[in-house]
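Engineer: The structure file upload_36.pdb (PDB, C-alpha atoms (C1' of nucleotides)) is provided below.
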ATOM      1  CA  MET K   1     169.896 122.180  18.334  1.00  0.00           C
ATOM      2  CA  PRO K   2     169.945 118.441  17.564  1.00  0.00           C
ATOM      3  CA  VAL K   3     169.171 117.329  14.033  1.00  0.00           C
ATOM      4  CA  ARG K   4     165.931 115.443  13.430  1.00  0.00           C
ATOM      5  CA  PRO K   5     166.290 111.681  13.835  1.00  0.00           C
ATOM      6  CA  ALA K   6     166.253 109.845  10.518  1.00  0.00           C
ATOM      7  CA  SER K   7     164.521 106.725  11.759  1.00  0.00           C
ATOM      8  CA  VAL K   8     162.329 105.475  14.573  1.00  0.00           C
ATOM      9  CA  ASP K   9     165.235 103.386  15.861  1.00  0.00           C
ATOM     10  CA  GLU K  10     167.430 106.457  16.023  1.00  0.00           C
ATOM     11  CA  LEU K  11     164.719 108.400  17.816  1.00  0.00           C
ATOM     12  CA  VAL K  12     164.205 105.682  20.419  1.00  0.00           C
ATOM     13  CA  THR K  13     167.933 105.202  20.918  1.00  0.00           C
ATOM     14  CA  ARG K  14     168.423 108.911  21.397  1.00  0.00           C
ATOM     15  CA  ALA K  15     165.533 109.084  23.845  1.00  0.00           C
ATOM     16  CA  GLN K  16     166.796 106.162  25.891  1.00  0.00           C
ATOM     17  CA  LYS K  17     170.195 107.814  26.196  1.00  0.00           C
ATOM     18  CA  LEU K  18     168.433 110.498  28.210  1.00  0.00           C
ATOM     19  CA  SER K  19     167.551 107.954  30.906  1.00  0.00           C
ATOM     20  CA  GLY K  20     168.842 108.984  34.302  1.00  0.00           C
ATOM     21  CA  ARG K  21     169.686 112.520  33.239  1.00  0.00           C
ATOM     22  CA  THR K  22     168.259 115.316  35.335  1.00  0.00           C
ATOM     23  CA  LEU K  23     166.129 118.085  33.939  1.00  0.00           C
ATOM     24  CA  GLU K  24     168.814 120.543  34.960  1.00  0.00           C
ATOM     25  CA  GLU K  25     171.378 118.702  32.833  1.00  0.00           C
ATOM     26  CA  LEU K  26     169.061 118.681  29.862  1.00  0.00           C
ATOM     27  CA  ALA K  27     168.236 122.350  30.324  1.00  0.00           C
ATOM     28  CA  THR K  28     171.901 123.300  30.488  1.00  0.00           C
ATOM     29  CA  ALA K  29     172.622 121.332  27.324  1.00  0.00           C
ATOM     30  CA  ALA K  30     169.746 123.102  25.616  1.00  0.00           C
ATOM     31  CA  GLY K  31     170.927 126.466  26.864  1.00  0.00           C
ATOM     32  CA  VAL K  32     167.756 127.317  28.734  1.00  0.00           C
ATOM     33  CA  PRO K  33     167.266 128.197  32.394  1.00  0.00           C
ATOM     34  CA  THR K  34     165.474 125.785  34.721  1.00  0.00           C
ATOM     35  CA  PRO K  35     162.324 127.360  36.166  1.00  0.00           C
ATOM     36  CA  THR K  36     162.001 127.302  39.943  1.00  0.00           C
ATOM     37  CA  SER K  37     158.539 125.850  39.584  1.00  0.00           C
ATOM     38  CA  LEU K  38     156.294 124.462  36.876  1.00  0.00           C
ATOM     39  CA  ASN K  39     153.526 126.687  38.169  1.00  0.00           C
ATOM     40  CA  ARG K  40     154.076 129.215  35.437  1.00  0.00           C
ATOM     41  CA  SER K  41     155.875 126.857  33.041  1.00  0.00           C
ATOM     42  CA  LYS K  42     153.590 123.865  32.756  1.00  0.00           C
ATOM     43  CA  GLY K  43     154.752 122.771  29.330  1.00  0.00           C
ATOM     44  CA  TRP K  44     158.449 123.269  30.004  1.00  0.00           C
ATOM     45  CA  VAL K  45     159.423 119.623  30.456  1.00  0.00           C
ATOM     46  CA  GLY K  46     157.689 118.604  27.252  1.00  0.00           C
ATOM     47  CA  GLN K  47     159.379 121.348  25.268  1.00  0.00           C
ATOM     48  CA  LEU K  48     162.758 120.462  26.734  1.00  0.00           C
ATOM     49  CA  LEU K  49     162.320 116.890  25.506  1.00  0.00           C
ATOM     50  CA  GLU K  50     161.208 118.124  22.105  1.00  0.00           C
ATOM     51  CA  TRP K  51     164.414 120.097  21.809  1.00  0.00           C
ATOM     52  CA  HIS K  52     166.641 117.174  22.741  1.00  0.00           C
ATOM     53  CA  LEU K  53     164.919 114.780  20.388  1.00  0.00           C
ATOM     54  CA  GLY K  54     164.663 117.162  17.462  1.00  0.00           C
ATOM     55  CA  ALA K  55     160.879 117.339  17.287  1.00  0.00           C
ATOM     56  CA  SER K  56     159.255 119.977  15.145  1.00  0.00           C
ATOM     57  CA  ALA K  57     158.176 123.001  17.134  1.00  0.00           C
ATOM     58  CA  GLY K  58     155.039 124.991  16.623  1.00  0.00           C
ATOM     59  CA  SER K  59     151.385 124.340  17.198  1.00  0.00           C
ATOM     60  CA  LYS K  60     150.427 121.962  14.426  1.00  0.00           C
ATOM     61  CA  PRO K  61     147.653 119.425  15.061  1.00  0.00           C
ATOM     62  CA  GLU K  62     149.947 116.660  13.868  1.00  0.00           C
ATOM     63  CA  GLN K  63     152.364 114.154  15.279  1.00  0.00           C
ATOM     64  CA  ASP K  64     155.660 115.438  16.634  1.00  0.00           C
ATOM     65  CA  PHE K  65     157.564 113.374  14.087  1.00  0.00           C
ATOM     66  CA  PRO K  66     155.230 113.233  11.068  1.00  0.00           C
ATOM     67  CA  GLU K  67     157.826 111.610   8.807  1.00  0.00           C
ATOM     68  CA  LEU K  68     158.300 108.841  11.369  1.00  0.00           C
ATOM     69  CA  GLY K  69     154.659 108.597  12.354  1.00  0.00           C
ATOM     70  CA  VAL K  70     155.568 109.042  16.008  1.00  0.00           C
ATOM     71  CA  GLU K  71     154.037 111.200  18.718  1.00  0.00           C
ATOM     72  CA  LEU K  72     156.109 112.314  21.726  1.00  0.00           C
ATOM     73  CA  LYS K  73     154.545 112.388  25.196  1.00  0.00           C
ATOM     74  CA  THR K  74     156.141 113.032  28.550  1.00  0.00           C
ATOM     75  CA  LEU K  75     154.580 111.130  31.418  1.00  0.00           C
ATOM     76  CA  PRO K  76     154.926 112.546  34.947  1.00  0.00           C
ATOM     77  CA  ILE K  77     155.369 109.653  37.377  1.00  0.00           C
ATOM     78  CA  THR K  78     155.879 109.050  41.083  1.00  0.00           C
ATOM     79  CA  ALA K  79     158.858 107.175  42.477  1.00  0.00           C
ATOM     80  CA  ALA K  80     156.641 104.101  42.341  1.00  0.00           C
ATOM     81  CA  GLY K  81     156.182 104.527  38.613  1.00  0.00           C
ATOM     82  CA  LYS K  82     152.604 105.711  38.776  1.00  0.00           C
ATOM     83  CA  PRO K  83     151.349 108.526  36.522  1.00  0.00           C
ATOM     84  CA  LEU K  84     150.594 111.698  38.450  1.00  0.00           C
ATOM     85  CA  GLU K  85     148.332 113.173  35.818  1.00  0.00           C
ATOM     86  CA  SER K  86     146.116 112.287  32.937  1.00  0.00           C
ATOM     87  CA  THR K  87     147.634 112.801  29.493  1.00  0.00           C
ATOM     88  CA  PHE K  88     146.364 115.396  27.055  1.00  0.00           C
ATOM     89  CA  VAL K  89     145.903 113.973  23.558  1.00  0.00           C
ATOM     90  CA  CYS K  90     144.373 116.656  21.364  1.00  0.00           C
ATOM     91  CA  ILE K  91     141.592 119.213  21.027  1.00  0.00           C
ATOM     92  CA  ALA K  92     138.148 117.726  20.443  1.00  0.00           C
ATOM     93  CA  PRO K  93     136.294 118.866  17.320  1.00  0.00           C
ATOM     94  CA  LEU K  94     132.872 120.200  18.339  1.00  0.00           C
ATOM     95  CA  THR K  95     131.434 121.049  14.930  1.00  0.00           C
ATOM     96  CA  GLY K  96     131.568 119.602  11.444  1.00  0.00           C
ATOM     97  CA  ILE K  97     131.804 116.091  12.768  1.00  0.00           C
ATOM     98  CA  ALA K  98     129.061 114.415  10.735  1.00  0.00           C
ATOM     99  CA  GLY K  99     130.262 111.075   9.453  1.00  0.00           C
ATOM    100  CA  MET K 100     133.631 111.335  11.131  1.00  0.00           C
ATOM    101  CA  GLN K 101     135.317 107.954  11.473  1.00  0.00           C
ATOM    102  CA  TRP K 102     137.601 106.749  14.259  1.00  0.00           C
ATOM    103  CA  ALA K 103     140.357 105.697  11.870  1.00  0.00           C
ATOM    104  CA  ALA K 104     140.483 109.214  10.444  1.00  0.00           C
ATOM    105  CA  SER K 105     140.364 110.961  13.805  1.00  0.00           C
ATOM    106  CA  ASN K 106     143.102 113.011  15.335  1.00  0.00           C
ATOM    107  CA  VAL K 107     143.016 110.847  18.472  1.00  0.00           C
ATOM    108  CA  CYS K 108     143.569 107.641  16.514  1.00  0.00           C
ATOM    109  CA  ASN K 109     146.336 109.236  14.489  1.00  0.00           C
ATOM    110  CA  LYS K 110     148.195 110.634  17.486  1.00  0.00           C
ATOM    111  CA  LEU K 111     147.959 107.451  19.517  1.00  0.00           C
ATOM    112  CA  SER K 112     148.873 105.058  16.719  1.00  0.00           C
ATOM    113  CA  CYS K 113     152.516 105.249  17.791  1.00  0.00           C
ATOM    114  CA  VAL K 114     153.741 107.088  20.863  1.00  0.00           C
ATOM    115  CA  LEU K 115     157.202 107.555  22.330  1.00  0.00           C
ATOM    116  CA  TRP K 116     156.473 107.773  26.054  1.00  0.00           C
ATOM    117  CA  VAL K 117     159.083 109.540  28.144  1.00  0.00           C
ATOM    118  CA  PRO K 118     158.416 108.977  31.865  1.00  0.00           C
ATOM    119  CA  VAL K 119     159.817 111.755  34.062  1.00  0.00           C
ATOM    120  CA  GLU K 120     160.077 111.899  37.834  1.00  0.00           C
ATOM    121  CA  ALA K 121     157.507 114.395  39.013  1.00  0.00           C
ATOM    122  CA  SER K 122     156.962 113.925  42.730  1.00  0.00           C
ATOM    123  CA  PRO K 123     156.509 117.367  44.288  1.00  0.00           C
ATOM    124  CA  THR K 124     159.133 116.447  46.886  1.00  0.00           C
ATOM    125  CA  ILE K 125     161.850 116.394  44.215  1.00  0.00           C
ATOM    126  CA  PRO K 126     163.103 119.839  43.137  1.00  0.00           C
ATOM    127  CA  LEU K 127     162.395 120.387  39.457  1.00  0.00           C
ATOM    128  CA  ALA K 128     166.091 120.623  38.570  1.00  0.00           C
ATOM    129  CA  LYS K 129     166.842 117.257  40.182  1.00  0.00           C
ATOM    130  CA  ARG K 130     164.063 115.264  38.552  1.00  0.00           C
ATOM    131  CA  ARG K 131     165.331 112.509  36.294  1.00  0.00           C
ATOM    132  CA  ILE K 132     164.225 111.006  33.002  1.00  0.00           C
ATOM    133  CA  ALA K 133     163.177 107.383  33.347  1.00  0.00           C
ATOM    134  CA  THR K 134     163.332 104.875  30.480  1.00  0.00           C
ATOM    135  CA  PRO K 135     161.470 106.021  27.361  1.00  0.00           C
ATOM    136  CA  PHE K 136     159.590 103.396  25.392  1.00  0.00           C
ATOM    137  CA  LEU K 137     157.746 103.134  22.105  1.00  0.00           C
ATOM    138  CA  TRP K 138     154.121 102.033  22.202  1.00  0.00           C
ATOM    139  CA  SER K 139     151.364 101.223  19.767  1.00  0.00           C
ATOM    140  CA  PRO K 140     147.889 100.223  20.958  1.00  0.00           C
ATOM    141  CA  SER K 141     147.186  96.520  21.218  1.00  0.00           C
ATOM    142  CA  ASN K 142     143.967  95.333  19.616  1.00  0.00           C
ATOM    143  CA  GLU K 143     142.293  95.455  22.997  1.00  0.00           C
ATOM    144  CA  GLN K 144     143.578  98.938  23.808  1.00  0.00           C
ATOM    145  CA  ALA K 145     142.568 100.211  20.380  1.00  0.00           C
ATOM    146  CA  LYS K 146     139.082  98.821  20.936  1.00  0.00           C
ATOM    147  CA  LEU K 147     138.722 100.624  24.268  1.00  0.00           C
ATOM    148  CA  LEU K 148     139.945 103.891  22.804  1.00  0.00           C
ATOM    149  CA  ARG K 149     137.650 103.591  19.833  1.00  0.00           C
ATOM    150  CA  GLN K 150     134.607 102.814  21.974  1.00  0.00           C
ATOM    151  CA  ASP K 151     135.198 105.819  24.189  1.00  0.00           C
ATOM    152  CA  TRP K 152     135.890 108.080  21.236  1.00  0.00           C
ATOM    153  CA  GLU K 153     132.726 106.989  19.457  1.00  0.00           C
ATOM    154  CA  GLU K 154     130.612 107.451  22.576  1.00  0.00           C
ATOM    155  CA  LEU K 155     131.974 110.932  23.210  1.00  0.00           C
ATOM    156  CA  MET K 156     131.791 112.025  19.589  1.00  0.00           C
ATOM    157  CA  GLU K 157     128.236 110.798  19.307  1.00  0.00           C
ATOM    158  CA  MET K 158     127.223 112.923  22.269  1.00  0.00           C
ATOM    159  CA  ILE K 159     128.952 115.929  20.720  1.00  0.00           C
ATOM    160  CA  ALA K 160     127.254 115.296  17.371  1.00  0.00           C
ATOM    161  CA  LEU K 161     123.850 114.982  19.059  1.00  0.00           C
ATOM    162  CA  GLY K 162     124.241 118.358  20.735  1.00  0.00           C
ATOM    163  CA  GLU K 163     124.881 116.923  24.199  1.00  0.00           C
ATOM    164  CA  ILE K 164     128.278 118.499  24.733  1.00  0.00           C
ATOM    165  CA  GLU K 165     127.083 120.333  27.845  1.00  0.00           C
ATOM    166  CA  SER K 166     126.069 116.976  29.361  1.00  0.00           C
ATOM    167  CA  VAL K 167     129.473 115.392  28.851  1.00  0.00           C
ATOM    168  CA  THR K 168     131.675 115.335  31.933  1.00  0.00           C
ATOM    169  CA  ALA K 169     135.074 113.802  32.623  1.00  0.00           C
ATOM    170  CA  HIS K 170     133.199 110.815  34.044  1.00  0.00           C
ATOM    171  CA  HIS K 171     132.398 109.579  30.546  1.00  0.00           C
ATOM    172  CA  GLY K 172     134.786 107.183  28.861  1.00  0.00           C
ATOM    173  CA  GLU K 173     136.681 104.265  30.319  1.00  0.00           C
ATOM    174  CA  VAL K 174     140.183 105.180  29.161  1.00  0.00           C
ATOM    175  CA  LEU K 175     139.595 108.350  27.138  1.00  0.00           C
ATOM    176  CA  GLN K 176     137.842 111.340  28.678  1.00  0.00           C
ATOM    177  CA  LEU K 177     136.743 114.799  27.584  1.00  0.00           C
ATOM    178  CA  ARG K 178     137.648 117.817  29.731  1.00  0.00           C
ATOM    179  CA  PRO K 179     137.916 121.570  29.321  1.00  0.00           C
ATOM    180  CA  LYS K 180     141.068 122.680  27.570  1.00  0.00           C
ATOM    181  CA  ALA K 181     141.669 126.404  27.417  1.00  0.00           C
ATOM    182  CA  ALA K 182     143.717 129.251  28.775  1.00  0.00           C
ATOM    183  CA  ASN K 183     140.829 130.200  31.061  1.00  0.00           C
ATOM    184  CA  GLY K 184     137.120 129.891  31.591  1.00  0.00           C
ATOM    185  CA  SER K 185     136.241 132.742  29.282  1.00  0.00           C
ATOM    186  CA  ALA K 186     137.533 131.027  26.139  1.00  0.00           C
ATOM    187  CA  LEU K 187     134.647 130.008  23.923  1.00  0.00           C
ATOM    188  CA  THR K 188     134.318 128.023  20.726  1.00  0.00           C
ATOM    189  CA  PRO K 189     131.327 126.995  18.558  1.00  0.00           C
ATOM    190  CA  ALA K 190     129.607 123.698  19.247  1.00  0.00           C
ATOM    191  CA  ILE K 191     126.344 121.916  18.467  1.00  0.00           C
ATOM    192  CA  GLY K 192     123.479 122.762  20.847  1.00  0.00           C
ATOM    193  CA  ARG K 193     120.609 120.576  22.044  1.00  0.00           C
ATOM    194  CA  ASN K 194     118.338 121.640  19.201  1.00  0.00           C
ATOM    195  CA  GLY K 195     120.995 121.431  16.560  1.00  0.00           C
ATOM    196  CA  GLN K 196     121.762 125.124  16.701  1.00  0.00           C
ATOM    197  CA  ILE K 197     125.245 126.539  17.107  1.00  0.00           C
ATOM    198  CA  ILE K 198     126.148 127.449  20.666  1.00  0.00           C
ATOM    199  CA  GLN K 199     129.293 128.786  22.328  1.00  0.00           C
ATOM    200  CA  THR K 200     131.012 126.556  24.847  1.00  0.00           C
ATOM    201  CA  ARG K 201     134.367 125.985  26.531  1.00  0.00           C
ATOM    202  CA  PRO K 202     136.853 124.213  24.267  1.00  0.00           C
ATOM    203  CA  ARG K 203     137.345 120.558  25.170  1.00  0.00           C
ATOM    204  CA  GLY K 204     140.261 118.218  24.855  1.00  0.00           C
ATOM    205  CA  PHE K 205     140.677 114.441  24.849  1.00  0.00           C
ATOM    206  CA  TYR K 206     142.723 113.066  27.750  1.00  0.00           C
ATOM    207  CA  LEU K 207     143.967 109.584  28.575  1.00  0.00           C
ATOM    208  CA  ARG K 208     143.037 108.529  32.099  1.00  0.00           C
ATOM    209  CA  SER K 209     146.031 107.890  34.318  1.00  0.00           C
ATOM    210  CA  HIS K 210     144.942 104.319  34.990  1.00  0.00           C
ATOM    211  CA  PHE K 211     145.361 103.682  31.261  1.00  0.00           C
ATOM    212  CA  THR K 212     148.875 105.118  31.061  1.00  0.00           C
ATOM    213  CA  HIS K 213     149.652 103.282  34.286  1.00  0.00           C
ATOM    214  CA  SER K 214     148.765 100.021  32.568  1.00  0.00           C
ATOM    215  CA  LEU K 215     151.201 100.891  29.769  1.00  0.00           C
ATOM    216  CA  LEU K 216     153.981 101.429  32.299  1.00  0.00           C
ATOM    217  CA  LYS K 217     153.186  98.158  34.024  1.00  0.00           C
ATOM    218  CA  ALA K 218     153.211  96.322  30.720  1.00  0.00           C
ATOM    219  CA  PHE K 219     156.645  97.641  29.825  1.00  0.00           C
ATOM    220  CA  PHE K 220     158.328  97.569  33.190  1.00  0.00           C
ATOM    221  CA  GLY K 221     156.494  94.724  34.857  1.00  0.00           C
ATOM    222  CA  ILE K 222     153.898  94.799  37.578  1.00  0.00           C
TER     223      ILE K 222
ATOM    224  C1'  DC I   1     141.079 132.182  19.060  1.00  0.00           C
ATOM    225  C1'  DA I   2     143.136 127.630  18.512  1.00  0.00           C
ATOM    226  C1'  DA I   3     146.709 124.785  18.622  1.00  0.00           C
ATOM    227  C1'  DT I   4     150.972 123.042  21.071  1.00  0.00           C
ATOM    228  C1'  DG I   5     153.201 121.704  25.734  1.00  0.00           C
ATOM    229  C1'  DA I   6     150.828 120.178  30.218  1.00  0.00           C
ATOM    230  C1'  DT I   7     150.002 120.909  35.642  1.00  0.00           C
ATOM    231  C1'  DC I   8     147.335 123.394  39.192  1.00  0.00           C
ATOM    232  C1'  DA I   9     143.713 123.854  42.627  1.00  0.00           C
ATOM    233  C1'  DT I  10     139.802 122.447  44.639  1.00  0.00           C
ATOM    234  C1'  DC I  11     136.165 119.331  45.738  1.00  0.00           C
ATOM    235  C1'  DG I  12     133.899 115.119  47.016  1.00  0.00           C
TER     236       DG I  12
ATOM    237  C1'  DC O   1     143.904 111.797  48.080  1.00  0.00           C
ATOM    238  C1'  DG O   2     142.398 110.934  43.441  1.00  0.00           C
ATOM    239  C1'  DA O   3     139.828 113.017  39.849  1.00  0.00           C
ATOM    240  C1'  DT O   4     137.554 116.848  37.722  1.00  0.00           C
ATOM    241  C1'  DG O   5     137.359 121.212  36.046  1.00  0.00           C
ATOM    242  C1'  DA O   6     140.351 125.355  35.576  1.00  0.00           C
ATOM    243  C1'  DT O   7     144.402 127.409  34.274  1.00  0.00           C
ATOM    244  C1'  DC O   8     149.458 128.940  32.488  1.00  0.00           C
ATOM    245  C1'  DA O   9     152.944 130.009  28.610  1.00  0.00           C
ATOM    246  C1'  DT O  10     153.780 130.363  23.884  1.00  0.00           C
ATOM    247  C1'  DT O  11     153.129 130.545  18.906  1.00  0.00           C
ATOM    248  C1'  DG O  12     150.717 131.668  14.508  1.00  0.00           C
TER     249       DG O  12
END
What do you get writing this file as C-alpha cells?

Structural biologist:
Amino acid sequence: MPVRPASVDELVTRAQKLSGRTLEELATAAGVPTPTSLNRSKGWVGQLLEWHLGASAGSKPEQDFPELGVELKTLPITAAGKPLESTFVCIAPLTGIAGMQWAASNVCNKLSCVLWVPVEASPTIPLAKRRIATPFLWSPSNEQAKLLRQDWEELMEMIALGEIESVTAHHGEVLQLRPKAANGSALTPAIGRNGQIIQTRPRGFYLRSHFTHSLLKAFFGI
DNA sequence: CAATGATCATCG
DNA sequence: CGATGATCATTG
C-alpha cells in the first residue's frame, strides 16, 4: 500500500501519473480483482483511487486527506469529457441545525479543495479497459462559492423549517438534496412541519453534473 | 443506523 | 435521454 503523500504537490503529482492507466492496471497493482460490472460494486473505482493515492480508509465525515485539506472525488465522464452522474458530497444534517453557518458546514469544508479524478465511464467501454483522465486540483472561485452557499442556505433553511418532505432534487442551482441510503426503508430523524421530530429517508448533498461539467471545461478548455 | 465510496433504474 | 429517486457494498 502506498504511503500517504506528504504534500499537496506530491498528491497531485502522484494522481497525474495515473493518467492514461486503465482500471485493470490499477487493480492489478493494488492486488484486487476487477469486477465484471459496477452493478454490485458501485464504489469500487473510488476505493481503488483511494488506495493508489494513500487516502485514509474508513467512514469518517472528513476530508480524504485531512492533513492536506484535500478531498478526493472521482468523476465519471463520457469520451466527450462530460460527467455521467451527479457527485455525492456528504450526508445532510436533518436535526440540530439551528444557527448552523455555511463556513462551518460539512459541504463547505469538503468542497474547499478537491482533487478531481476524471475516469472514463461510458457503458460501451468494459470496466477493465476504462482509463484515468487527467486529475486536477480545484478550489471554488468566488462566484462558485457564492452559488454553493446560496443553494446550501436555501436547502438548510427548508430543513430547519420542517419542510424536508417538500424538498426535491429540483431545488438548488448547483447543489441538490436527494435520498442517500442503502434502501427505501432506512429512516433517520428530521424536523416535521410542526416542529416535531419525524422519521424520513436520509438525504445527501449532490453536485449537479452541469456544475462539475463547468469545472472540466474550465480546466481543459471548452 | 450512519458514514464512506458512488451508480442504477425508471420516468417524464 | 437527462434527471430524479432508489439502491449496492462495506465499515464501525

Engineer: To one decimal in Å, tell me the separation between atom CA of Arg203 of chain K and atom CA of Thr78 of chain K.

Structural biologist: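 Taking atom CA of Arg203 of chain K and atom CA of Thr78 of chain K, their separation equals 27.0 Å.
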
Engineer: What does the PyMOL selection byres ((chain K) within 8 of (chain O)) select in this file, as a PDB file with C-alpha atoms, in the coordinates of the input?

Structural biologist:
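What ended up in selection35.pdb:
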ATOM      1  CA  ASN K  39     153.526 126.687  38.169  1.00  0.00           C
ATOM      2  CA  ARG K  40     154.076 129.215  35.437  1.00  0.00           C
ATOM      3  CA  SER K  41     155.875 126.857  33.041  1.00  0.00           C
ATOM      4  CA  LYS K  42     153.590 123.865  32.756  1.00  0.00           C
ATOM      5  CA  GLY K  43     154.752 122.771  29.330  1.00  0.00           C
ATOM      6  CA  GLY K  58     155.039 124.991  16.623  1.00  0.00           C
ATOM      7  CA  SER K  59     151.385 124.340  17.198  1.00  0.00           C
ATOM      8  CA  ALA K 169     135.074 113.802  32.623  1.00  0.00           C
ATOM      9  CA  ARG K 178     137.648 117.817  29.731  1.00  0.00           C
ATOM     10  CA  PRO K 179     137.916 121.570  29.321  1.00  0.00           C
ATOM     11  CA  ALA K 181     141.669 126.404  27.417  1.00  0.00           C
ATOM     12  CA  ALA K 182     143.717 129.251  28.775  1.00  0.00           C
ATOM     13  CA  ASN K 183     140.829 130.200  31.061  1.00  0.00           C
ATOM     14  CA  GLY K 184     137.120 129.891  31.591  1.00  0.00           C
TER      15      GLY K 184
END

Engineer: Name the residues captured by the PyMOL selection byres ((chain I) within 6 of (chain K)) when it is applied to the shown file; answer as JSON, numbers by chain.

Structural biologist: {"I": [3, 4, 5, 6, 7]}

Engineer: Could you state which residues are captured by the PyMOL selection byres ((chain K and resi 126-128) around 10) in this file, as an MDAnalysis selection string?

Structural biologist: chainID K and resid 22:27 33:38 45 120:125 129:131

Engineer: When you draw a straight line from atom CA of Asp9 of chain K to atom CA of Ala79 of chain K, how long is it in Å?

Structural biologist: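 Calculated distance between atom CA of Asp9 of chain K and atom CA of Ala79 of chain K is 27.6 Å.
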